[in-house]
Amino acid sequence: AMDLALAPSGTIYVVNRSYEYRPDGVRVTMLNIDEDYLGEFSKFGEGDGDLFWPSSVAVDKDEKVYISDDWLNRISIFDKDGDYLGKWGTPGSGDGELNRPSGIRFDKNDNLYMVDSSNNRVQVFTKDGKFLSKWGEAGSGEGQFNLPWGLTIDHNGDVYVADWRNDRIQKF
């Protein structure tokens, strides 16, 4: 398991991935707080609705499920039952472009914060993928990153980023 998200309805979505020799391990498992199995969706691949190297999962206010894929450089969107709805993301290093997206979370306004790992930054998008802002650059100084991986947002709106190769957590 790589990441999990708890929907307001109580459904827990768990992103699973495995090594190349176990493509059957790539999927999203759904369960409830009592650990009752509710089902699973997606599979290994590069097509619409497929996941290749999923990294993180987040659920918006409408209970749509967003999954970052750091191999495909995209966000895939599913409904609460796991039916594929769409995707967005373009590989690159420009504003709104992605290079190994990993940790994702929604803020109180339903904007999606994303760790853009190999671009050493955090980007903020609307739910439909419109670029809003970014911060960070490569380095080890304050506000700089070296392969950041995960993030979370607290109830005050502060963003915490796991800065993997710098062995630290930074708060913004």
# chains A, B, ... in the order shown; residues from 1 in each chain; ligands from 1
>>> residues_around(residues="region 93-101 of chain A", least_positions_apart="3", cutoff="7 Å", atoms="only C-alpha atoms", output="ChimeraX atom specification")
/A:68-71,73,89-90,114-119,131
>>> closest_atom_pairs(of="region 51-143 of chain A", to="region 30-43 of chain A", cutoff="12 Å", atoms="only C-alpha atoms", output="JSON lines")
{"residue": "A:Leu51", "atom": "CA", "partner": "A:Lys43", "partner_atom": "CA", "distance": 6.0}
{"residue": "A:Phe52", "atom": "CA", "partner": "A:Lys43", "partner_atom": "CA", "distance": 8.0}
{"residue": "A:Trp53", "atom": "CA", "partner": "A:Lys43", "partner_atom": "CA", "distance": 10.5}
{"residue": "A:Pro54", "atom": "CA", "partner": "A:Lys43", "partner_atom": "CA", "distance": 10.4}
{"residue": "A:Val57", "atom": "CA", "partner": "A:Met30", "partner_atom": "CA", "distance": 11.9}
{"residue": "A:Val65", "atom": "CA", "partner": "A:Met30", "partner_atom": "CA", "distance": 11.1}
{"residue": "A:Ile67", "atom": "CA", "partner": "A:Ser42", "partner_atom": "CA", "distance": 10.7}
{"residue": "A:Ser76", "atom": "CA", "partner": "A:Ser42", "partner_atom": "CA", "distance": 10.2}
{"residue": "A:Ile77", "atom": "CA", "partner": "A:Ser42", "partner_atom": "CA", "distance": 10.9}
{"residue": "A:Phe78", "atom": "CA", "partner": "A:Phe41", "partner_atom": "CA", "distance": 9.2}
{"residue": "A:Asp79", "atom": "CA", "partner": "A:Phe41", "partner_atom": "CA", "distance": 10.6}
{"residue": "A:Lys80", "atom": "CA", "partner": "A:Met30", "partner_atom": "CA", "distance": 9.4}
{"residue": "A:Asp81", "atom": "CA", "partner": "A:Phe41", "partner_atom": "CA", "distance": 8.3}
{"residue": "A:Gly82", "atom": "CA", "partner": "A:Phe41", "partner_atom": "CA", "distance": 5.5}
{"residue": "A:Asp83", "atom": "CA", "partner": "A:Phe41", "partner_atom": "CA", "distance": 7.7}
{"residue": "A:Tyr84", "atom": "CA", "partner": "A:Ser42", "partner_atom": "CA", "distance": 8.3}
{"residue": "A:Leu85", "atom": "CA", "partner": "A:Ser42", "partner_atom": "CA", "distance": 11.9}
>>> write_last_selection(atoms="N, CA, C and O atoms", output="PDB file, in the first residue's frame")
ATOM      1  N   LEU A  51      -3.579   2.333 -14.028  1.00  0.00           N
ATOM      2  CA  LEU A  51      -2.521   2.921 -13.207  1.00  0.00           C
ATOM      3  C   LEU A  51      -1.237   2.148 -13.468  1.00  0.00           C
ATOM      4  O   LEU A  51      -1.259   0.928 -13.592  1.00  0.00           O
ATOM      5  N   PHE A  52      -0.145   2.849 -13.543  1.00  0.00           N
ATOM      6  CA  PHE A  52       1.139   2.194 -13.779  1.00  0.00           C
ATOM      7  C   PHE A  52       1.987   2.207 -12.515  1.00  0.00           C
ATOM      8  O   PHE A  52       2.485   1.194 -12.081  1.00  0.00           O
ATOM      9  N   TRP A  53       2.151   3.378 -11.925  1.00  0.00           N
ATOM     10  CA  TRP A  53       2.957   3.543 -10.713  1.00  0.00           C
ATOM     11  C   TRP A  53       2.251   4.554  -9.814  1.00  0.00           C
ATOM     12  O   TRP A  53       2.749   5.653  -9.589  1.00  0.00           O
ATOM     13  N   PRO A  54       1.061   4.191  -9.295  1.00  0.00           N
ATOM     14  CA  PRO A  54       0.287   5.136  -8.487  1.00  0.00           C
ATOM     15  C   PRO A  54       1.020   5.515  -7.204  1.00  0.00           C
ATOM     16  O   PRO A  54       1.689   4.676  -6.604  1.00  0.00           O
ATOM     17  N   VAL A  57      -3.484   9.214  -3.225  1.00  0.00           N
ATOM     18  CA  VAL A  57      -4.920   9.297  -3.465  1.00  0.00           C
ATOM     19  C   VAL A  57      -5.503  10.408  -2.606  1.00  0.00           C
ATOM     20  O   VAL A  57      -5.070  10.614  -1.471  1.00  0.00           O
ATOM     21  N   VAL A  65     -12.538  10.461  -6.585  1.00  0.00           N
ATOM     22  CA  VAL A  65     -11.257   9.930  -6.141  1.00  0.00           C
ATOM     23  C   VAL A  65     -10.184  10.296  -7.176  1.00  0.00           C
ATOM     24  O   VAL A  65     -10.333   9.976  -8.359  1.00  0.00           O
ATOM     25  N   ILE A  67      -6.097  10.104  -8.232  1.00  0.00           N
ATOM     26  CA  ILE A  67      -4.908   9.293  -7.995  1.00  0.00           C
ATOM     27  C   ILE A  67      -3.763   9.827  -8.843  1.00  0.00           C
ATOM     28  O   ILE A  67      -3.892   9.974 -10.062  1.00  0.00           O
ATOM     29  N   SER A  76      -5.533  10.613 -12.419  1.00  0.00           N
ATOM     30  CA  SER A  76      -6.712   9.894 -12.902  1.00  0.00           C
ATOM     31  C   SER A  76      -7.840  10.124 -11.911  1.00  0.00           C
ATOM     32  O   SER A  76      -7.616  10.150 -10.696  1.00  0.00           O
ATOM     33  N   ILE A  77      -9.051  10.285 -12.432  1.00  0.00           N
ATOM     34  CA  ILE A  77     -10.213  10.620 -11.606  1.00  0.00           C
ATOM     35  C   ILE A  77     -11.257   9.514 -11.756  1.00  0.00           C
ATOM     36  O   ILE A  77     -11.569   9.075 -12.871  1.00  0.00           O
ATOM     37  N   PHE A  78     -11.799   9.090 -10.612  1.00  0.00           N
ATOM     38  CA  PHE A  78     -12.808   8.044 -10.554  1.00  0.00           C
ATOM     39  C   PHE A  78     -13.969   8.529  -9.688  1.00  0.00           C
ATOM     40  O   PHE A  78     -13.781   9.377  -8.810  1.00  0.00           O
ATOM     41  N   ASP A  79     -15.154   7.962  -9.889  1.00  0.00           N
ATOM     42  CA  ASP A  79     -16.248   8.278  -8.977  1.00  0.00           C
ATOM     43  C   ASP A  79     -16.091   7.440  -7.710  1.00  0.00           C
ATOM     44  O   ASP A  79     -15.165   6.618  -7.599  1.00  0.00           O
ATOM     45  N   LYS A  80     -16.977   7.632  -6.755  1.00  0.00           N
ATOM     46  CA  LYS A  80     -16.841   6.976  -5.449  1.00  0.00           C
ATOM     47  C   LYS A  80     -16.913   5.452  -5.518  1.00  0.00           C
ATOM     48  O   LYS A  80     -16.463   4.769  -4.609  1.00  0.00           O
ATOM     49  N   ASP A  81     -17.453   4.929  -6.630  1.00  0.00           N
ATOM     50  CA  ASP A  81     -17.544   3.483  -6.808  1.00  0.00           C
ATOM     51  C   ASP A  81     -16.400   2.914  -7.641  1.00  0.00           C
ATOM     52  O   ASP A  81     -16.351   1.711  -7.894  1.00  0.00           O
ATOM     53  N   GLY A  82     -15.498   3.795  -8.095  1.00  0.00           N
ATOM     54  CA  GLY A  82     -14.345   3.340  -8.856  1.00  0.00           C
ATOM     55  C   GLY A  82     -14.507   3.385 -10.363  1.00  0.00           C
ATOM     56  O   GLY A  82     -13.658   2.875 -11.092  1.00  0.00           O
ATOM     57  N   ASP A  83     -15.588   3.987 -10.837  1.00  0.00           N
ATOM     58  CA  ASP A  83     -15.772   4.119 -12.285  1.00  0.00           C
ATOM     59  C   ASP A  83     -14.925   5.283 -12.790  1.00  0.00           C
ATOM     60  O   ASP A  83     -14.945   6.380 -12.226  1.00  0.00           O
ATOM     61  N   TYR A  84     -14.215   5.049 -13.881  1.00  0.00           N
ATOM     62  CA  TYR A  84     -13.302   6.035 -14.447  1.00  0.00           C
ATOM     63  C   TYR A  84     -14.075   7.230 -14.994  1.00  0.00           C
ATOM     64  O   TYR A  84     -15.058   7.073 -15.716  1.00  0.00           O
ATOM     65  N   LEU A  85     -13.600   8.454 -14.642  1.00  0.00           N
ATOM     66  CA  LEU A  85     -14.238   9.686 -15.100  1.00  0.00           C
ATOM     67  C   LEU A  85     -13.357  10.494 -16.050  1.00  0.00           C
ATOM     68  O   LEU A  85     -13.869  11.201 -16.914  1.00  0.00           O
TER      69      LEU A  85
END
>>> atom_distance(atom1="CA of Arg168 (chain A)", atom2="CA of Phe145 (chain A)")
9.5 Å
>>> closest_residue(among="A:Asp163, A:Asp3, A:Asp60, A:Asp50", to="Gly141 (chain A)", atoms="only C-alpha atoms")
A:Asp163
>>> closest_residue(among="A:Phe44, A:Tyr160, A:Phe125, A:Tyr13", to="Arg27 (chain A)", atoms="only C-alpha atoms")
A:Phe44
>>> closest_residue(among="A:Lys87, A:Arg22, A:His155, A:Arg17", to="Phe106 (chain A)", atoms="only C-alpha atoms")
A:His155
>>> residues_around(residues="Gln123 (chain A)", least_positions_apart="6", cutoff="6 Å", atoms="only C-alpha atoms", output="list of chain:residue names")
A:Tyr113, A:Met114, A:Ser133, A:Lys134
>>> write_last_selection(atoms="C-alpha atoms", output="tab-separated table (two decimals), in the first residue's frame")
chain	number	residue	atom	x	y	z
A	113	TYR	CA	-1.99	20.42	-3.83
A	114	MET	CA	0.56	18.17	-5.49
A	133	SER	CA	0.37	28.33	-8.35
A	134	LYS	CA	3.66	26.71	-7.42
>>> residues_around(residues="Glu142 (chain A)", least_positions_apart="5", cutoff="12 Å", atoms="only C-alpha atoms", output="number ranges by chain")
A: 135-137, 163, 166, 168-172
>>> select_by_dssp(residues="chain A", states="helix (DSSP H, G or I)", output="ChimeraX atom specification")
/A:23-25,117-119,164-166
>>> decode(residues="region 126-172 of chain A", atoms="N, CA and C atoms", output="short mmCIF file (atom, residue, chain, number, x, y, z; two decimals), in the first residue's frame")
data_model
loop_
_atom_site.label_atom_id
_atom_site.label_comp_id
_atom_site.auth_asym_id
_atom_site.auth_seq_id
_atom_site.Cartn_x
_atom_site.Cartn_y
_atom_site.Cartn_z
N THR A 126 -6.78 23.43 -9.80
CA THR A 126 -8.21 23.21 -9.59
C THR A 126 -8.45 21.71 -9.77
N LYS A 127 -9.65 21.26 -9.43
CA LYS A 127 -9.97 19.84 -9.57
C LYS A 127 -9.86 19.35 -11.01
N ASP A 128 -10.09 20.24 -11.97
CA ASP A 128 -10.04 19.83 -13.37
C ASP A 128 -8.67 20.04 -14.01
N GLY A 129 -7.65 20.35 -13.19
CA GLY A 129 -6.28 20.41 -13.68
C GLY A 129 -5.79 21.77 -14.10
N LYS A 130 -6.53 22.82 -13.83
CA LYS A 130 -6.06 24.17 -14.17
C LYS A 130 -5.00 24.60 -13.16
N PHE A 131 -3.83 24.99 -13.67
CA PHE A 131 -2.71 25.42 -12.83
C PHE A 131 -3.07 26.72 -12.10
N LEU A 132 -2.80 26.75 -10.77
CA LEU A 132 -3.05 27.94 -9.97
C LEU A 132 -1.77 28.58 -9.46
N SER A 133 -0.86 27.77 -8.91
CA SER A 133 0.37 28.33 -8.35
C SER A 133 1.39 27.23 -8.11
N LYS A 134 2.59 27.66 -7.72
CA LYS A 134 3.66 26.71 -7.42
C LYS A 134 4.64 27.37 -6.46
N TRP A 135 5.45 26.53 -5.80
CA TRP A 135 6.59 27.02 -5.03
C TRP A 135 7.61 25.90 -4.89
N GLY A 136 8.84 26.31 -4.66
CA GLY A 136 9.93 25.37 -4.46
C GLY A 136 10.86 25.29 -5.65
N GLU A 137 12.06 24.81 -5.37
CA GLU A 137 13.09 24.59 -6.38
C GLU A 137 14.08 23.60 -5.80
N ALA A 138 14.99 23.12 -6.64
CA ALA A 138 15.99 22.15 -6.19
C ALA A 138 16.97 22.81 -5.24
N GLY A 139 17.33 22.09 -4.19
CA GLY A 139 18.33 22.58 -3.24
C GLY A 139 18.07 22.07 -1.85
N SER A 140 18.86 22.57 -0.90
CA SER A 140 18.71 22.12 0.49
C SER A 140 18.41 23.28 1.44
N GLY A 141 18.21 24.46 0.91
CA GLY A 141 17.88 25.62 1.73
C GLY A 141 16.40 25.65 2.09
N GLU A 142 16.04 26.67 2.86
CA GLU A 142 14.65 26.84 3.26
C GLU A 142 13.78 27.03 2.02
N GLY A 143 12.70 26.25 1.91
CA GLY A 143 11.81 26.35 0.76
C GLY A 143 12.30 25.61 -0.47
N GLN A 144 13.45 24.98 -0.38
CA GLN A 144 13.97 24.18 -1.49
C GLN A 144 13.77 22.70 -1.18
N PHE A 145 13.79 21.88 -2.23
CA PHE A 145 13.52 20.46 -2.08
C PHE A 145 14.54 19.61 -2.82
N ASN A 146 14.69 18.38 -2.35
CA ASN A 146 15.47 17.37 -3.04
C ASN A 146 14.61 16.10 -3.08
N LEU A 147 13.88 15.93 -4.16
CA LEU A 147 12.92 14.85 -4.36
C LEU A 147 11.87 14.79 -3.24
N PRO A 148 11.06 15.83 -3.10
CA PRO A 148 9.96 15.76 -2.14
C PRO A 148 9.00 14.64 -2.53
N TRP A 149 8.30 14.08 -1.56
CA TRP A 149 7.46 12.93 -1.85
C TRP A 149 6.01 13.10 -1.40
N GLY A 150 5.78 13.38 -0.14
CA GLY A 150 4.41 13.43 0.37
C GLY A 150 4.06 14.79 0.91
N LEU A 151 2.76 14.99 1.14
CA LEU A 151 2.32 16.23 1.79
C LEU A 151 0.99 16.00 2.46
N THR A 152 0.70 16.89 3.40
CA THR A 152 -0.61 16.93 4.03
C THR A 152 -0.93 18.38 4.34
N ILE A 153 -2.20 18.65 4.60
CA ILE A 153 -2.67 19.99 4.91
C ILE A 153 -3.44 19.90 6.22
N ASP A 154 -3.07 20.74 7.20
CA ASP A 154 -3.77 20.69 8.49
C ASP A 154 -5.03 21.56 8.47
N HIS A 155 -5.75 21.56 9.59
CA HIS A 155 -7.02 22.29 9.67
C HIS A 155 -6.85 23.81 9.57
N ASN A 156 -5.64 24.32 9.76
CA ASN A 156 -5.36 25.75 9.60
C ASN A 156 -4.97 26.10 8.16
N GLY A 157 -4.82 25.11 7.31
CA GLY A 157 -4.40 25.35 5.94
C GLY A 157 -2.90 25.33 5.75
N ASP A 158 -2.14 24.99 6.81
CA ASP A 158 -0.69 24.88 6.67
C ASP A 158 -0.36 23.59 5.92
N VAL A 159 0.62 23.68 5.04
CA VAL A 159 1.03 22.55 4.20
C VAL A 159 2.35 22.01 4.73
N TYR A 160 2.41 20.69 4.92
CA TYR A 160 3.61 20.01 5.38
C TYR A 160 4.10 19.12 4.23
N VAL A 161 5.37 19.28 3.86
CA VAL A 161 5.93 18.54 2.74
C VAL A 161 7.08 17.66 3.23
N ALA A 162 7.01 16.38 2.89
CA ALA A 162 8.09 15.44 3.19
C ALA A 162 9.16 15.61 2.12
N ASP A 163 10.30 16.16 2.53
CA ASP A 163 11.42 16.46 1.63
C ASP A 163 12.40 15.29 1.74
N TRP A 164 12.18 14.27 0.92
CA TRP A 164 12.80 12.96 1.06
C TRP A 164 14.32 13.00 1.15
N ARG A 165 14.98 13.49 0.14
CA ARG A 165 16.45 13.41 0.11
C ARG A 165 17.11 14.45 1.02
N ASN A 166 16.36 15.42 1.49
CA ASN A 166 16.90 16.36 2.49
C ASN A 166 16.58 15.88 3.92
N ASP A 167 15.91 14.74 4.04
CA ASP A 167 15.60 14.14 5.35
C ASP A 167 14.91 15.11 6.29
N ARG A 168 13.83 15.73 5.82
CA ARG A 168 13.13 16.70 6.67
C ARG A 168 11.69 16.87 6.21
N ILE A 169 10.93 17.51 7.10
CA ILE A 169 9.57 17.95 6.80
C ILE A 169 9.60 19.47 6.82
N GLN A 170 9.06 20.09 5.79
CA GLN A 170 8.98 21.56 5.77
C GLN A 170 7.52 21.98 5.88
N LYS A 171 7.29 23.05 6.62
CA LYS A 171 5.94 23.57 6.84
C LYS A 171 5.80 24.90 6.10
N PHE A 172 4.69 25.05 5.37
CA PHE A 172 4.41 26.28 4.64
C PHE A 172 3.05 26.80 5.03
#
